[in-house]
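Visitor: Structure supplied as model-v6.txt; contents: compact mmCIF, C-alpha atoms.
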# COMPACT_ATOMS: atom_id res chain seq x y z
CA TYR X 29 156.97 -30.75 178.34
CA GLY X 30 157.63 -27.13 177.50
CA VAL X 31 157.85 -23.91 179.47
CA THR X 32 155.01 -21.88 180.97
CA VAL X 33 155.80 -18.27 181.85
CA LEU X 34 153.55 -16.37 184.23
CA GLY X 35 154.47 -12.72 184.51
CA THR X 36 157.60 -11.28 182.92
CA THR X 37 160.81 -12.92 181.85
CA GLU X 38 163.81 -11.48 180.05
CA THR X 39 166.17 -13.31 177.73
CA GLN X 40 168.55 -12.37 174.97
CA GLU X 41 167.35 -15.10 172.64
CA LEU X 42 164.58 -17.68 172.78
CA ASN X 43 164.50 -20.62 170.38
CA VAL X 44 161.24 -22.56 170.25
CA THR X 45 160.71 -25.83 168.41
CA GLY X 46 157.04 -26.63 167.85
CA VAL X 47 153.89 -24.57 168.35
CA SER X 48 153.88 -21.41 170.47
CA THR X 49 150.55 -20.25 171.89
CA PHE X 50 150.02 -16.71 173.17
CA SER X 51 146.95 -15.76 175.19
CA ASP X 52 147.59 -12.01 175.04
CA ASN X 53 149.25 -9.33 172.89
CA ILE X 54 152.74 -9.46 171.44
CA SER X 55 154.37 -6.05 171.93
CA LEU X 56 157.32 -4.89 169.86
CA PRO X 57 158.89 -1.41 169.77
CA ASP X 58 159.04 0.65 166.54
CA ASP X 59 161.16 -0.76 163.73
CA LYS X 60 161.33 -4.21 165.35
CA LYS X 61 159.98 -6.94 163.10
CA ILE X 62 158.12 -10.19 163.13
CA GLN X 63 160.06 -12.12 160.50
CA LEU X 64 158.54 -15.19 158.82
CA GLY X 65 159.98 -17.80 156.48
CA ALA X 66 163.21 -19.77 156.32
CA ASP X 67 164.97 -16.71 154.93
CA GLN X 68 162.94 -14.29 157.07
CA ASP X 69 161.66 -12.61 153.90
CA LEU X 70 158.19 -11.68 155.14
CA GLU X 71 158.19 -8.87 157.68
CA ILE X 72 155.52 -7.26 159.85
CA LEU X 73 156.58 -4.11 161.66
CA HIS X 74 155.70 -0.59 162.68
CA ASP X 75 158.02 2.30 162.01
CA PRO X 76 157.49 5.56 163.94
CA SER X 77 154.57 6.47 161.61
CA ASN X 78 153.37 3.49 159.59
CA GLY X 79 152.27 -0.12 159.90
CA ILE X 80 154.00 -2.27 157.28
CA ILE X 81 153.62 -5.78 155.86
CA ARG X 82 156.58 -6.32 153.58
CA SER X 83 157.76 -9.15 151.33
CA ILE X 84 161.45 -8.83 150.62
CA SER X 85 161.81 -11.97 148.53
CA SER X 86 163.17 -11.31 145.05
CA GLY X 87 161.43 -14.31 143.53
CA GLY X 88 158.13 -14.73 145.37
CA ASN X 89 154.78 -12.95 145.38
CA MET X 90 152.60 -11.58 148.14
CA HIS X 91 149.35 -13.55 148.49
CA VAL X 92 146.36 -12.53 150.59
CA GLU X 93 143.93 -15.45 150.74
CA SER X 94 140.61 -16.01 152.45
CA LYS X 95 137.85 -18.63 152.36
CA ASN X 96 135.23 -15.88 152.27
CA HIS X 97 135.73 -12.23 151.39
CA ILE X 98 138.62 -9.82 151.91
CA GLU X 99 138.27 -6.19 152.99
CA LEU X 100 140.76 -3.35 153.00
CA ASN X 101 139.49 -0.58 155.27
CA VAL X 102 140.75 2.89 156.20
CA ASN X 103 139.94 5.61 158.74
CA TYR X 104 139.72 3.12 161.59
CA ASN X 105 138.45 4.71 164.78
CA THR X 106 140.06 3.14 167.86
CA SER X 107 137.36 4.43 170.20
CA ASN X 108 134.29 2.97 168.47
CA GLY X 109 135.72 0.60 165.84
CA SER X 110 134.20 2.44 162.87
CA LYS X 111 135.99 2.36 159.52
CA GLN X 112 135.56 3.10 155.82
CA ASN X 113 135.72 0.49 153.09
CA ALA X 114 138.44 1.00 150.48
CA ILE X 115 138.40 -2.40 148.69
CA LYS X 116 136.06 -5.37 149.04
CA ALA X 117 136.74 -8.70 147.33
CA ASN X 118 133.72 -10.98 147.76
CA ALA X 119 133.97 -14.74 147.30
CA ASN X 120 132.14 -15.96 144.16
CA SER X 121 131.13 -12.37 143.46
CA GLY X 122 132.62 -9.00 142.52
CA VAL X 123 135.37 -6.69 143.66
CA GLY X 124 134.32 -3.22 144.81
CA LEU X 125 136.38 -0.03 144.93
CA TYR X 126 135.32 2.79 147.24
CA PHE X 127 135.85 6.53 147.69
CA SER X 128 135.34 7.89 151.20
CA GLY X 129 133.32 4.80 152.02
CA LEU X 130 131.04 5.04 148.94
CA GLN X 131 131.26 2.39 146.23
CA LYS X 132 132.40 3.79 142.87
CA PHE X 133 133.37 0.68 140.87
CA SER X 134 132.50 -3.00 140.89
CA THR X 135 133.22 -6.03 138.74
CA THR X 136 130.37 -8.30 137.60
CA ASN X 137 130.01 -11.59 135.76
CA VAL X 138 129.64 -9.69 132.46
CA GLY X 139 132.07 -6.79 132.96
CA ALA X 140 132.13 -3.86 135.34
CA ILE X 141 129.92 -1.04 136.66
CA THR X 142 130.98 2.54 137.38
CA TYR X 143 128.94 4.52 139.90
CA GLY X 144 129.27 8.19 138.99
CA ASN X 145 131.52 9.76 136.36
CA LEU X 146 134.40 8.05 134.56
CA GLU X 147 137.14 10.58 133.80
CA LEU X 148 140.01 9.89 131.39
CA SER X 149 143.06 12.11 131.67
CA SER X 150 145.91 11.85 129.17
CA THR X 151 147.46 13.67 126.20
CA TYR X 152 144.94 11.94 123.90
CA PRO X 153 142.52 10.14 126.25
CA SER X 154 140.80 7.22 124.54
CA LEU X 155 138.31 4.43 125.12
CA ILE X 156 138.80 1.32 122.98
CA TRP X 157 135.82 -0.92 122.24
CA THR X 158 136.90 -4.40 121.13
CA ASP X 159 134.14 -6.76 119.98
CA THR X 160 135.37 -10.31 120.58
CA ASN X 161 132.61 -11.76 118.38
CA HIS X 162 132.44 -9.44 115.37
CA ASN X 163 134.11 -6.51 113.66
CA SER X 164 134.46 -3.57 113.68
CA ASP X 165 136.40 -2.43 116.75
CA TYR X 166 136.22 1.25 117.68
CA ARG X 167 138.16 3.91 119.58
CA ILE X 168 136.70 7.12 121.01
CA THR X 169 139.40 9.78 121.43
CA ASN X 170 139.60 13.40 122.54
CA ASN X 171 142.20 14.79 120.14
CA ASP X 172 143.02 18.42 121.00
CA GLY X 173 139.35 19.18 121.69
CA GLN X 174 138.00 17.15 118.76
CA LEU X 175 135.98 14.09 119.78
CA ILE X 176 136.67 11.28 117.29
CA ILE X 177 134.89 7.96 116.75
CA TYR X 178 137.44 5.87 114.88
CA ASP X 179 136.95 2.50 113.19
CA ILE X 180 140.08 0.58 114.21
CA THR X 181 139.34 -2.45 112.05
CA ASN X 182 138.98 -0.46 108.83
CA GLY X 183 141.34 2.38 109.76
CA ALA X 184 138.78 5.14 109.17
CA HIS X 185 137.21 8.10 110.97
CA ARG X 186 133.44 7.65 111.32
CA LEU X 187 132.37 10.77 113.20
CA ASN X 188 134.19 13.90 114.37
CA VAL X 189 132.69 16.39 116.83
CA ASN X 190 134.75 19.57 116.44
CA ALA X 191 135.59 22.17 119.07
CA ASP X 192 133.46 24.81 117.32
CA GLY X 193 130.39 22.56 117.60
CA HIS X 194 130.02 21.29 114.03
CA ILE X 195 129.90 17.56 113.36
CA ASP X 196 131.56 15.74 110.47
CA ILE X 197 129.95 12.43 109.47
CA LEU X 198 132.36 10.44 107.34
CA GLY X 199 130.36 7.83 105.50
CA HIS X 200 126.63 7.15 105.32
CA LEU X 201 124.00 8.31 107.81
CA ASP X 202 121.17 5.78 107.93
CA VAL X 203 118.30 7.04 110.06
CA GLY X 204 114.53 6.95 109.85
CA ALA X 205 114.44 10.74 109.95
CA LEU X 206 117.03 13.44 110.57
CA ARG X 207 115.49 15.89 113.04
CA ILE X 208 117.10 19.30 113.36
CA GLY X 209 116.58 21.99 115.99
CA SER X 210 115.67 21.99 119.66
CA ASN X 211 111.99 21.45 118.80
CA GLU X 212 112.71 19.18 115.81
CA LYS X 213 111.05 21.68 113.46
CA TYR X 214 113.14 20.52 110.51
CA ARG X 215 113.02 16.93 109.28
CA LEU X 216 114.77 15.20 106.40
CA TYR X 217 113.56 11.70 105.58
CA ASP X 218 112.41 9.19 102.98
CA ASN X 219 108.64 8.90 102.61
CA SER X 220 107.82 5.73 100.65
CA GLY X 221 110.52 6.40 98.07
CA THR X 222 110.10 10.19 98.04
CA ASN X 223 112.79 12.31 99.69
CA ARG X 224 111.16 14.97 101.86
CA PHE X 225 112.35 18.00 103.76
CA ASP X 226 109.66 19.25 106.15
CA THR X 227 109.48 22.36 108.27
CA TYR X 228 106.76 23.46 110.66
CA ASN X 229 105.70 27.10 110.18
CA GLN X 230 109.28 28.15 109.53
CA THR X 231 110.72 29.95 106.51
CA ILE X 232 113.24 27.88 104.54
CA GLN X 233 116.07 29.98 103.15
CA PHE X 234 118.85 28.70 100.89
CA VAL X 235 122.08 30.69 100.91
CA ASN X 236 125.55 30.13 99.51
CA LYS X 237 127.92 30.01 102.46
CA GLY X 238 131.53 30.98 101.87
CA ASP X 239 134.55 28.88 102.85
CA ASP X 240 135.29 31.32 105.67
CA GLY X 241 131.82 30.75 107.14
CA SER X 242 130.40 34.07 105.98
CA ILE X 243 126.85 34.18 104.63
CA SER X 244 126.73 34.98 100.93
CA PRO X 245 123.70 35.98 98.82
CA THR X 246 120.31 34.39 99.29
CA ILE X 247 119.39 31.89 96.57
CA ALA X 248 115.78 31.08 97.45
CA LYS X 249 113.15 31.49 100.15
CA PHE X 250 110.13 29.31 100.90
CA ILE X 251 107.67 31.14 103.15
CA PRO X 252 104.89 29.22 104.97
CA TYR X 253 101.44 30.12 103.64
CA GLY X 254 103.15 32.64 101.39
CA ALA X 255 105.49 33.10 98.47
CA VAL X 256 108.32 31.17 96.92
CA GLU X 257 111.08 33.66 96.11
CA LEU X 258 114.02 33.16 93.76
CA TYR X 259 117.06 35.45 93.77
CA TYR X 260 119.86 36.39 91.41
CA GLY X 261 123.35 37.09 92.71
CA THR X 262 124.91 40.35 91.55
CA GLY X 263 128.28 39.83 93.20
CA GLY X 264 129.41 40.31 96.76
CA ALA X 265 127.04 39.63 99.61
CA ALA X 266 123.95 41.05 97.90
CA SER X 267 121.36 39.37 95.73
CA VAL X 268 118.20 40.59 94.01
CA LYS X 269 114.81 38.94 94.08
CA VAL X 270 113.78 38.24 90.49
CA PHE X 271 110.83 35.86 90.85
CA GLU X 272 108.12 35.19 93.39
CA THR X 273 104.77 33.49 93.55
CA SER X 274 101.65 35.26 94.76
CA ALA X 275 97.99 34.49 95.40
CA THR X 276 97.15 35.47 91.81
CA GLY X 277 100.16 34.07 89.93
CA VAL X 278 103.83 35.02 89.68
CA ILE X 279 105.74 38.29 89.83
CA LEU X 280 108.91 39.07 87.89
CA SER X 281 111.36 41.70 89.15
CA SER X 282 114.25 43.50 87.47
CA THR X 283 117.80 42.37 88.24
CA ASN X 284 118.95 46.00 88.08
CA ALA X 285 118.19 47.51 91.43
CA GLY X 286 116.87 51.07 91.07
CA SER X 287 116.50 50.73 87.31
CA SER X 288 113.29 51.84 85.56
CA ALA X 289 113.69 49.04 83.01
CA GLU X 290 110.87 46.52 83.02
CA PRO X 291 111.72 42.91 83.91
CA GLU X 292 111.77 40.48 81.01
CA LEU X 293 110.46 36.97 80.63
CA VAL X 294 112.55 35.26 77.93
CA LEU X 295 111.51 31.91 76.42
CA TYR X 296 114.02 29.68 74.61
CA ARG X 297 113.64 26.61 72.50
CA ASN X 298 116.27 23.90 72.76
CA SER X 299 116.67 23.25 68.99
CA ALA X 300 116.17 24.93 65.65
CA SER X 301 113.33 22.62 64.66
Show the structure stored in the file as structure tokens.
Guide:
Amino acid sequence: YGVTVLGTTETQELNVTGVSTFSDNISLPDDKKIQLGADQDLEILHDPSNGIIRSISSGGNMHVESKNHIELNVNYNTSNGSKQNAIKANANSGVGLYFSGLQKFSTTNVGAITYGNLELSSTYPSLIWTDTNHNSDYRITNNDGQLIIYDITNGAHRLNVNADGHIDILGHLDVGALRIGSNEKYRLYDNSGTNRFDTYNQTIQFVNKGDDGSISPTIAKFIPYGAVELYYGTGGAASVKVFETSATGVILSSTNAGSSAEPELVLYRNSAS
């Protein structure tokens, strides 16, 4: 029952009904195919440069199925059998993506893990954070160099980090203490119902900054272990110190720079009575 071939045989066409068993390699020249299916719509072949598995069915899908895990490997070395992982799909576990044999991404039962940097490249690259349990949902976008945290649910900007380095907070900032500076030498906070602004051995200077970013006249200075100085603006970028505290009291100064006129202390009453 059947035919056993030992050695080589040549035929133009061989039709086999039933199971065919081969105990050695099947050799086909380039561009010749192993065709599977009633309509021969799954092909395995090698062209002069590439190995190809091809589904040519217009209605079906390509399925790769395994009882255990599936690996897609590259850089196979025919002399020693070494290779590099490209994709690993593990049964009852995650899927891993690799770069040059090193894992860079994997799925988990709660989401996914990225090993290394995650780079977004687009006209306006964005990350969207959708909370399936609660609102709000957010989007983080790089918009022409401005990093935006956007509240999708309420349609509002919440924080903008601008290209020049300044930060716009749109809404309320609720923190225990706002610490400013590399050494946190400036702190703004609520202390048992009292609003406090603390500095550590640093002069506090209040100035009126112009819309163009230029520094305008000084308004006041608070010097550690020293004076409190108040200034009067005379126009332009200059201002004149008119009041300061000292170890023995207070000092008044004239608002007319270079004038010999004595400074005046004027007291007013708020009614005629």
Visitor: Which residues come within 10 Å of Gly144 in chain X, counting all atoms listed in the file, excluding same-chain residues fewer than 6 positions away, as a PDB file with C-alpha atoms, in the frame of the given file?
Guide:
ATOM      1  CA  GLN X 131     131.260   2.390 146.230  1.00  0.00           C
ATOM      2  CA  LYS X 132     132.400   3.790 142.870  1.00  0.00           C
ATOM      3  CA  PHE X 133     133.370   0.680 140.870  1.00  0.00           C
TER       4      PHE X 133
END
Visitor: Taking every listed atom of range 182-199 of chain X and adding 5 Å to each side, what centre and edge lengths in Å (one decimal) does the axis-aligned box have, as JSON?
Guide:
{"center_x": 135.6, "center_y": 12.2, "center_z": 112.3, "size_x": 21.4, "size_y": 35.3, "size_z": 23.6}
Visitor: To one decimal place, how far is CA of Thr246 in chain X from CA of Ser281 in chain X in Å?
Guide: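 About the pair CA of Thr246 in chain X and CA of Ser281 in chain X: they are 15.4 Å apart.
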Visitor: Do a neighbour search on Gly199 in chain X at 9 Å with only C-alpha atoms, toss out local chain neighbours closer than 5 positions, and write the hits as a list in words.
Guide: His185, Arg186 and Leu187 of chain X
Visitor: So which residues touch range 169-181 of chain X within 12 Å, counting all atoms listed in the file, skipping near sequence neighbours fewer than 4 positions away, as a ChimeraX atom specification?
Guide: /X:147-159,162-165,185-199
Visitor: I want to know what sits within 8 Å of range 221-232 of chain X, based on all atoms listed in the file, with residues of the same chain fewer than 4 positions away left out; could you give that as a PDB file with C-alpha atoms, in the coordinates of the input?
Guide:
ATOM      1  CA  LYS X 213     111.050  21.680 113.460  1.00  0.00           C
ATOM      2  CA  TYR X 214     113.140  20.520 110.510  1.00  0.00           C
ATOM      3  CA  ARG X 215     113.020  16.930 109.280  1.00  0.00           C
ATOM      4  CA  LEU X 216     114.770  15.200 106.400  1.00  0.00           C
ATOM      5  CA  TYR X 217     113.560  11.700 105.580  1.00  0.00           C
ATOM      6  CA  LYS X 249     113.150  31.490 100.150  1.00  0.00           C
ATOM      7  CA  PHE X 250     110.130  29.310 100.900  1.00  0.00           C
ATOM      8  CA  ILE X 251     107.670  31.140 103.150  1.00  0.00           C
ATOM      9  CA  PRO X 252     104.890  29.220 104.970  1.00  0.00           C
TER      10      PRO X 252
END
Visitor: Taking into account all atoms listed in the file, which residue in the set X:Ser110, X:Ala248, X:Val294, X:Thr142 is nearest to Thr273 in chain X?
Guide: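 Looking at the shortest contact to Thr273 in chain X, the residue is X:Ala248.
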Visitor: Using CA of Phe127 in chain X and CA of Ala114 in chain X as the two end points, give the distance in Å to one decimal.
Guide: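 Going from CA of Phe127 in chain X over to CA of Ala114 in chain X covers 6.7 Å.
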Visitor: Compile the contact shell of Pro76 in chain X as a ChimeraX atom specification: residues with an atom at most 10 Å away, counting only C-alpha atoms, same-chain residues fewer than 2 positions apart removed.
Guide: /X:57-59,73-74,78-79
Visitor: Could you save those same residues with C-alpha atoms as a PDB file, in the frame of the given file?
Guide:
ATOM      1  CA  PRO X  57     158.890  -1.410 169.770  1.00  0.00           C
ATOM      2  CA  ASP X  58     159.040   0.650 166.540  1.00  0.00           C
ATOM      3  CA  ASP X  59     161.160  -0.760 163.730  1.00  0.00           C
ATOM      4  CA  LEU X  73     156.580  -4.110 161.660  1.00  0.00           C
ATOM      5  CA  HIS X  74     155.700  -0.590 162.680  1.00  0.00           C
ATOM      6  CA  ASN X  78     153.370   3.490 159.590  1.00  0.00           C
ATOM      7  CA  GLY X  79     152.270  -0.120 159.900  1.00  0.00           C
TER       8      GLY X  79
END
Visitor: Which is closer to Met90 in chain X than all the others in X:Thr39, X:Pro245, X:Asp69, X:Gly183, using only C-alpha atoms?
Guide: X:Asp69
Visitor: How far is it from CA of Asn236 in chain X to CA of Asp202 in chain X, in Å with one decimal?
Guide: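 Straight-line distance from CA of Asn236 in chain X to CA of Asp202 in chain X works out to 26.1 Å.
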Visitor: Would you please work out which residue, of X:Lys116, X:Asn219, X:Ser48, X:Asn298, is nearest to Gly204 in chain X when using only C-alpha atoms?
Guide: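 Once distances to Gly204 in chain X are computed over only C-alpha atoms, the minimum belongs to X:Asn219.
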Visitor: My list of candidates is X:Gly124, X:Gly261, X:Thr32, X:Glu99. Which is closest to Thr136 in chain X when distances are computed with all atoms listed in the file?
Guide: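 Result for the nearest residue to Thr136 in chain X: X:Gly124.
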